[in-house]
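The block underneath contains the structure these notes are about, expressed in structure tokens.
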Amino acid sequence: MLVGRGLLGRLPELAPLPCHVALVMDENVAPLYGALVAEAIGRERVLAVTVPAGEAHKTLETVRDIYDKLLDARLDRQTTILAVGGGVVNDMAGFVAATYLRGVAFVTCPTTLLAMVDASVGGKTGVDVPQGKNLIGAFMQPTAVIADVDTLATLPPAELSAGMAEVIKHGLLAGGVLWAELGRLPWPLPAERWGDLVATAVQVKRDVVQEDPFERGRRALLNLGHTFAHAIEQVSQYAVAHGPAVAMGLACAAHLSAQLGHCAPNLPTDIEQLLTRCQLPTRIPAHLPAEALLAAMGSDKKKADGRLRFVLLRTPGEAFLEGDVPLAAVRETLNSMSKAQ
């Protein structure tokens with residue numbers, strides 16, 4: 001993975017892009033970077049595919065539309081799928097790359113903080129179905145990840161905050177220097193500091209993924225907060241976006257850890273204060289009932305032997321997977337973390 005400034009205009013020298021390139025962007029990103037990327041690669045080699053923006057469109061129907069455009073253009077197995085955009089585009093384009101003609105090359109250029117520190121690294125791709133998020137997918141490692149932090153300047157403050165949810169998660173998993181640095185981080189963060197922060201946060205995830213690429217062991221820890229978060233997204237019909245949902249999920253995971261006696265009582269407060277400083281929510285919207293969230297968790301792909309698994313905390317830097325959490329404790333956490341309380 002390359003992290004730096006001014007990288008999108010240098011794509012041909014930074015990433016392998018032989019033959020034809022299918023450039024996948026959403027309708028928000030295409031006007032910002034479509035021409036820049038196409039000119040850098042050579043317009044005659046690029047098929048631009050624009051998809052609707054937003055999690056609600058991360059579906060098999062959208063993927064089918066992408067397939068149709070690739071097939072109509074008769075793109076062959078020497079094609080590279082190039083994703084330029086946020087996590088939704090990364091997930092769908094990667095899934096297309098894994099399945100089109102049984103697999104073609106994939107390069108991704110994340111343009112949001114959330115995508116840079118999460119979706120672009122690790123090789124998970126997929127789409128949502130009514131039963132849950134990312135239940136249809138494949139592992140597909142990109143041949144290159146190019147993170148141009150100049151693209152962060154186009155994001156509204158809420159999008160930068162959303163990405164910080166995953167950065168804070170990585171800080172909780174790593175502990176040590178990163179967690180301490182997050183505790184002193186100014187907000188909003190000056191533009192010149194984004195490159196270092198992205199590189200440091202990505203290194204945490206990259207180290208875990210390299211050790212366990214197919215999530216058969218330690219990689220499951222990267223799901224800290226996500227069992228709660230995915231249920232919140234699903235029950236809200238994705239009105240709550242991934243970043244804010246992860247922030248709520250981290251607060252819930254910390255509360256559950258303290259409730260079960262695994263961490264110091266002050267750790268949830270410390271986590272919530274950091275989330276709040278980064279303009280992230282820590283309470284579940286009152287209109288999302290606990291029983292609906294529990295039902296959504298029942299379809300979570302992180303279940304094992306029919307039981308929900310939660311990543312819990314002892315201290316920053318010491319997370320663990322727990323597969324036998326009492327349902328009553330989860331329900332109490334959901335009720336106590338509701339905004340109505």
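Residues are named by chain letter and number: chains run A, B, ... in the order of the structure tokens, numbers start at 1 in each chain, and ligands are numbered from 1 in the order shown.
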Near-Cys19 in chain A list (7 Å; only C-alpha atoms; drop same-chain fewer than 3 positions) as a PyMOL selection string = chain A and resi 45+78-79
Kindly provide the residues of range 182-284 of chain A that approach range 84-100 of chain A to within 12 Å, each paired with its closest atom pair and their distance in Å to one decimal, based on only C-alpha atoms, listed by chain and increasing number, as JSON lines.
```
{"residue": "A:Ala241", "atom": "CA", "partner": "A:Val88", "partner_atom": "CA", "distance": 11.1}
{"residue": "A:His242", "atom": "CA", "partner": "A:Gly87", "partner_atom": "CA", "distance": 9.4}
{"residue": "A:Gly243", "atom": "CA", "partner": "A:Gly87", "partner_atom": "CA", "distance": 10.6}
```
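For the pair CA of Ala22 in chain A and CA of Leu113 in chain A, the interatomic distance is 23.1 Å.
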message = Set the distance at 10 Å and use only C-alpha atoms: which residues neighbour range 36-41 of chain A once local chain neighbours fewer than 4 positions away are removed? I'd like the list as a ChimeraX atom specification.
response = /A:7-13,17-18,20-21,23,30-32,45-48,82,84
Could you write those residues out with C-alpha atoms, as an mmCIF file, in the first residue's frame?
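Below is the file part_36.cif, written as the result:
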```cif
data_model
loop_
_atom_site.group_PDB
_atom_site.id
_atom_site.type_symbol
_atom_site.label_atom_id
_atom_site.label_comp_id
_atom_site.auth_asym_id
_atom_site.auth_seq_id
_atom_site.Cartn_x
_atom_site.Cartn_y
_atom_site.Cartn_z
ATOM 1 C CA LEU A 7 -0.749 9.948 -6.248
ATOM 2 C CA LEU A 8 -3.868 9.684 -8.434
ATOM 3 C CA GLY A 9 -2.199 11.490 -11.315
ATOM 4 C CA ARG A 10 0.727 9.041 -11.172
ATOM 5 C CA LEU A 11 -1.235 5.779 -11.227
ATOM 6 C CA PRO A 12 0.477 4.162 -14.236
ATOM 7 C CA GLU A 13 3.873 4.379 -12.532
ATOM 8 C CA LEU A 17 -2.395 -1.452 -15.122
ATOM 9 C CA PRO A 18 -1.803 -3.530 -18.260
ATOM 10 C CA HIS A 20 -7.780 -2.404 -20.461
ATOM 11 C CA VAL A 21 -8.962 -0.817 -17.223
ATOM 12 C CA LEU A 23 -12.663 2.316 -13.748
ATOM 13 C CA ALA A 30 -16.675 10.480 -10.778
ATOM 14 C CA PRO A 31 -16.964 14.276 -11.291
ATOM 15 C CA LEU A 32 -14.062 14.868 -8.872
ATOM 16 C CA ARG A 45 -7.685 2.149 -22.320
ATOM 17 C CA VAL A 46 -10.398 3.077 -19.825
ATOM 18 C CA LEU A 47 -14.001 1.947 -19.536
ATOM 19 C CA ALA A 48 -15.609 4.242 -16.958
ATOM 20 C CA LEU A 82 -9.790 -0.119 -10.735
ATOM 21 C CA VAL A 84 -11.687 4.847 -7.041
#
```
remark   = Correct to one decimal, the distance CA of Ala295 in chain A-CA of Val235 in chain A is 9.2 Å
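Of the residues under consideration (A:Leu308, A:Ala56, A:Met25, A:Leu75), A:Leu308 shows the shortest atom-to-atom contact distance to Ala296 in chain A when counting only C-alpha atoms.
When the distance limit is 9 Å and only C-alpha atoms are what count, the residues near range 213-221 of chain A, minus those fewer than 6 positions from it on the same chain, are Gly122, Gly123, Lys124, Phe139, Leu173, Lys205, Lys302, Phe310, Val311, Leu312, Ala319, Phe320 and Leu321 of chain A.
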Using N, CA and C atoms, can you write the selected residues to a file as a JSON list (two decimals), in the first residue's frame?
```
[["chain", "number", "residue", "atom", "x", "y", "z"],
["A", 122, "GLY", "N", -7.05, -5.75, 3.30],
["A", 122, "GLY", "CA", -7.54, -7.00, 3.88],
["A", 122, "GLY", "C", -8.18, -7.95, 2.91],
["A", 123, "GLY", "N", -8.61, -7.45, 1.73],
["A", 123, "GLY", "CA", -9.10, -8.37, 0.71],
["A", 123, "GLY", "C", -10.54, -8.81, 0.86],
["A", 124, "LYS", "N", -11.30, -8.23, 1.80],
["A", 124, "LYS", "CA", -12.72, -8.58, 1.92],
["A", 124, "LYS", "C", -13.52, -7.76, 0.91],
["A", 139, "PHE", "N", -12.99, -13.23, -0.75],
["A", 139, "PHE", "CA", -11.69, -12.63, -0.46],
["A", 139, "PHE", "C", -10.99, -12.35, -1.78],
["A", 173, "LEU", "N", -7.05, -1.80, 19.40],
["A", 173, "LEU", "CA", -6.44, -3.11, 19.17],
["A", 173, "LEU", "C", -4.93, -3.07, 19.39],
["A", 205, "LYS", "N", -3.86, -2.88, 10.83],
["A", 205, "LYS", "CA", -4.69, -3.86, 10.13],
["A", 205, "LYS", "C", -3.86, -4.75, 9.22],
["A", 302, "LYS", "N", -20.46, -13.43, 11.61],
["A", 302, "LYS", "CA", -19.38, -13.73, 12.56],
["A", 302, "LYS", "C", -19.82, -14.74, 13.62],
["A", 310, "PHE", "N", -18.42, -11.97, 20.28],
["A", 310, "PHE", "CA", -18.13, -10.55, 20.49],
["A", 310, "PHE", "C", -16.63, -10.39, 20.74],
["A", 311, "VAL", "N", -16.07, -9.33, 20.16],
["A", 311, "VAL", "CA", -14.71, -8.94, 20.50],
["A", 311, "VAL", "C", -14.82, -8.00, 21.69],
["A", 312, "LEU", "N", -14.16, -8.35, 22.78],
["A", 312, "LEU", "CA", -14.21, -7.58, 24.01],
["A", 312, "LEU", "C", -12.82, -7.08, 24.37],
["A", 319, "ALA", "N", -7.35, -7.13, 23.25],
["A", 319, "ALA", "CA", -8.71, -7.52, 22.88],
["A", 319, "ALA", "C", -8.76, -9.04, 22.77],
["A", 320, "PHE", "N", -9.96, -9.60, 22.93],
["A", 320, "PHE", "CA", -10.10, -11.05, 22.83],
["A", 320, "PHE", "C", -11.50, -11.38, 22.33],
["A", 321, "LEU", "N", -11.63, -12.59, 21.78],
["A", 321, "LEU", "CA", -12.89, -13.04, 21.21],
["A", 321, "LEU", "C", -13.62, -13.88, 22.26]]
```
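The closest residue to Trp194 in chain A, picked from A:Pro265, A:Gly163, A:Gly137, A:Gly132 and counting only C-alpha atoms, is A:Gly163.
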